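Student: I'd like to ask some things about the structure below.
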Amino acid sequence: MTDSAKLSLGAKETELKLRHGTIGPDVVDIAALYKDTGLFTYDPGFTSTASCESKITFIDGDEGVLLHRGYPIDQLAERGNFLETCYLLLYGELPTAAEMGDFSYRVTRHTMVHEQMSRFYTGFRRDAHPMAVMVGSVGALSAFYHDSTDIADPHQRMVASIRMIAKTPTLAAMAYKYHIGQPFVYPRNDLSYAENFLHMCFAVPCEPYQINPVLARAMDRIFTLHADHEQNASTSTVRLAGSSGANPFACIAAGIACLWGPAHGGANEAALNMLAEIGSKDRIPEFIARAKDKNDPFRLMGFGHRVYKNYDPRAKIMQQTCHEVLTELGIKDDPLLEVAMELEQIALHDPYFIEKKLYPNVDFYSGITLKALGFPTEMFTVLFAVARTVGWIAQWKEMIEDPHQRIGRPRQLYTGAAQRDYTPVEARG
Ligand code: CMC
């Protein structure tokens, strides 16, 4: 095993240490590069840069592998459940029955939010995007729960973690209810995490709400499949915000803001909007041609991934879940679905998509499933945020507990004006 790499700069040779992970590529440790050579490295978009050391999630994009603490995502989604995955991400091991019981108890006892939060919501316009409401309301938790914002106290860190996992579904459901003008529905602690979320979103005070187990299972899978995904843009945002010592509620709000973008968590909403724009199967060739045209910024939303250059392992399970939900609800002739299925087939067989390794990603199928479950498109990214909260928290906690952690402070390649002297306005040409 090689343990170092050499960098030649003219006559000078610098030795750089290699560090080996359990699996995945080795990394060249360049922490001392600037001190030794006066050089920075340049990698916008971080395509070759490991920003941290982590034990939580591993992805092999070429092979289509996603592991949480070593366990394949398909096994967790098919044989486990979301809360168990939360425990695994936070504590590193699958829980025993007693540990699971205790964890579930702690999460369910934190599902309510401070009553004052409901008045906070009424400050938003009804037509506000629910992601805007989420950024505001999750950030506002730091104004309500002062007893869990001291990041130096392990107990407070854990209380904040549990609070966030427990309260984001409540805040998300409140954002939805507010948007559609219905009363908020309080959480029910006798229901599972996914059941309770469906209940808070779809129950109304005037009639009993029946939980459909197939739909609750689908919701749970959507949460599990989105629980964590290594150092993606929003997770890196949370880590960077947290590296300055900001409180966890503020850090998660920063992650939610980053997730909102259409190249990240906003892709499932964008994919559904795109399917609606395409409208019918006969218009697909026109949109495929636009996606391939270098002069057209249009991209097929829900296709491609920075890391997966193979089928996204989450997309396979999501596709199966999507079909289960549509069968359960008896949805056969949905035009959007017809367009989606045809588009998937065309893209999977088109040389452009094959050559560039652009496969449907998890958001392609989750969008269709969420629509069938009854969520409007604006809620899709919100549901992603609910699921990803545990991943953000686990990564934030890992960073805070790392004794070598320092504030994240990237450098730059400066290409602006060199130093020059100020001229008074009357002397400027
Ligand atoms: N449709 C058409 N062409 C595409 C697409 C697409 N969806 N995605 C990438 N390409 C082309 C791109 O034009 C480029 O072509 P060329 O080499 O000729 O310039 C090549 O493929 C590589 O693209 P890239 O932009 O360099 O790749 P990236 O790793 O920077 O981008 C991505 C990854 C996910 C942002 C991009 O594939 C994309 O914009 N997809 C659509 C949005 C989407 O579905 N995002 C969800 C990602 S999964 C959920 C999550 O992680 O949040």
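Lettering and numbering for the structure tokens are positional, with chains as A, B, ... in the shown order, residues counted from 1 in each chain, and ligands counted from 1 in the shown order.
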Using only C-alpha atoms and all ligand atoms, which residues have at least one atom no more than 9 Å from ligand 1? Output them as a PyMOL selection string.
Tutor: chain A and resi 45+47+226+229+232-234+259+261-268+270-271+288+290-294+297-308+312+352-353+356-364+384
Student: Distance table requested - segment 323-429 of chain A against segment 189-199 of chain A, cut-off 12 Å, only C-alpha atoms: one row per qualifying residue with the closest atom pair and its distance in Å to one decimal, ordered by chain and rising residue number, as a Markdown table.
Tutor:
| residue | atom | partner | partner_atom | distance |
| --- | --- | --- | --- | --- |
| A:Leu370 | CA | A:Leu198 | CA | 11.4 |
| A:Leu373 | CA | A:Leu198 | CA | 9.1 |
| A:Gly374 | CA | A:Leu198 | CA | 9.8 |
| A:Phe375 | CA | A:Leu198 | CA | 10.0 |
| A:Leu383 | CA | A:Phe197 | CA | 9.9 |
| A:Val386 | CA | A:Phe197 | CA | 10.0 |
| A:Ala387 | CA | A:Ala194 | CA | 10.3 |
Student: Which polymer residues have any atom within 9 Å of an atom of Gly70 of chain A, counting only C-alpha atoms, with same-chain residues fewer than 6 positions away left out, as a VMD selection string?
Tutor: chain A and resid 55 to 58
Student: Using DSSP assignments from the backbone, pull out every residue in segment 54-161 of chain A that falls under strand (DSSP E or B) and give it to me as a list in words.
Tutor: Thr57, Phe58, Ile59, Asp60, Val65, Leu66, Leu67, His68, Tyr71 and Pro72 of chain A
Student: Deliver the residues from the most recent selection as a file, using N, CA and C atoms, as a short mmCIF file (atom, residue, chain, number, x, y, z; two decimals), in the first residue's frame.
Tutor:
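Saved to part-v1.cif:
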data_model
loop_
_atom_site.label_atom_id
_atom_site.label_comp_id
_atom_site.auth_asym_id
_atom_site.auth_seq_id
_atom_site.Cartn_x
_atom_site.Cartn_y
_atom_site.Cartn_z
N THR A 57 -21.82 7.62 6.46
CA THR A 57 -22.39 7.14 5.19
C THR A 57 -21.31 6.94 4.16
N PHE A 58 -21.43 5.87 3.36
CA PHE A 58 -20.48 5.61 2.29
C PHE A 58 -21.25 5.46 0.97
N ILE A 59 -20.74 6.11 -0.07
CA ILE A 59 -21.35 5.97 -1.40
C ILE A 59 -20.27 5.54 -2.39
N ASP A 60 -20.58 4.52 -3.19
CA ASP A 60 -19.74 4.22 -4.36
C ASP A 60 -20.62 4.49 -5.57
N VAL A 65 -23.72 2.04 -4.88
CA VAL A 65 -23.80 1.52 -3.51
C VAL A 65 -24.00 2.68 -2.54
N LEU A 66 -24.91 2.50 -1.58
CA LEU A 66 -25.11 3.48 -0.51
C LEU A 66 -25.22 2.71 0.81
N LEU A 67 -24.28 2.98 1.72
CA LEU A 67 -24.27 2.30 3.02
C LEU A 67 -24.39 3.31 4.14
N HIS A 68 -25.24 3.00 5.14
CA HIS A 68 -25.26 3.81 6.37
C HIS A 68 -24.64 2.97 7.48
N TYR A 71 -24.43 -0.57 6.57
CA TYR A 71 -25.63 -1.32 6.14
C TYR A 71 -26.17 -0.78 4.82
N PRO A 72 -26.42 -1.68 3.82
CA PRO A 72 -26.95 -1.21 2.53
C PRO A 72 -28.34 -0.58 2.67
#
Student: Please extract the residues of segment 130-304 of chain A with a backbone DSSP assignment of alpha helix (DSSP H) and present them as a PyMOL selection string.
Tutor: chain A and resi 130-144+154-180+193-202+213-225+233-243+248-259+267-278+284-292
Student: Would you mind listing what lies within 9 Å of Ile331 of chain A as a VMD selection string, with only C-alpha atoms counted and same-chain residues fewer than 5 positions away left out?
Tutor: chain A and resid 325 to 326 372
Student: I need the residues from that last selection saved to file as a compact mmCIF listing (two decimals), in the first residue's frame (with all heavy atoms), if you can.
Tutor:
# COMPACT_ATOMS: atom_id res chain seq x y z
N VAL A 325 -47.79 2.19 -4.40
CA VAL A 325 -48.73 3.26 -4.02
C VAL A 325 -49.77 3.45 -5.13
O VAL A 325 -50.98 3.55 -4.85
CB VAL A 325 -47.96 4.58 -3.75
CG1 VAL A 325 -48.89 5.77 -3.69
CG2 VAL A 325 -47.18 4.46 -2.45
N LEU A 326 -49.31 3.45 -6.37
CA LEU A 326 -50.25 3.67 -7.47
C LEU A 326 -51.26 2.53 -7.56
O LEU A 326 -52.44 2.74 -7.82
CB LEU A 326 -49.49 3.83 -8.78
CG LEU A 326 -48.53 5.05 -8.82
CD1 LEU A 326 -47.66 5.02 -10.04
CD2 LEU A 326 -49.29 6.36 -8.74
N ALA A 372 -49.09 11.13 -5.74
CA ALA A 372 -50.15 10.14 -5.54
C ALA A 372 -50.60 10.11 -4.08
O ALA A 372 -51.78 9.91 -3.78
CB ALA A 372 -49.65 8.76 -5.97
Student: To one decimal in Å, tell me the separation between atom CA of Val214 of chain A and atom CA of Pro187 of chain A.
Tutor: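 Value for the atom CA of Val214 of chain A-atom CA of Pro187 of chain A distance: 20.3 Å.
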Student: Separation of atom CA of Tyr176 of chain A and atom CA of Pro130 of chain A, in Å?
Tutor: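 Atom CA of Pro130 of chain A lies 6.7 Å from atom CA of Tyr176 of chain A.
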Student: By how many Å are atom CA of Lys167 of chain A and atom CA of Thr111 of chain A apart?
Tutor: 5.0 Å
Student: So which residues touch Phe124 of chain A within 12 Å, counting only C-alpha atoms, skipping near sequence neighbours fewer than 4 positions away, as an MDAnalysis selection string?
Tutor: chainID A and resid 117:120 128:137 174:175 178:179
Student: Per residue of segment 141-183 of chain A within 10 Å of segment 79-101 of chain A, record the nearest atom pair and its distance in Å to one decimal, counting only C-alpha atoms, with rows in chain order and ascending residue number, as CSV.
Tutor:
residue,atom,partner,partner_atom,distance
A:Met158,CA,A:Leu90,CA,9.4
A:Ser161,CA,A:Leu90,CA,8.8
A:Ile162,CA,A:Cys86,CA,9.9
A:Ile165,CA,A:Cys86,CA,8.4
Student: Do a neighbour search on Ile346 of chain A at 9 Å with only C-alpha atoms, toss out local chain neighbours closer than 4 positions, and write the hits as a PyMOL selection string.
Tutor: chain A and resi 284-285+288+341-342+350
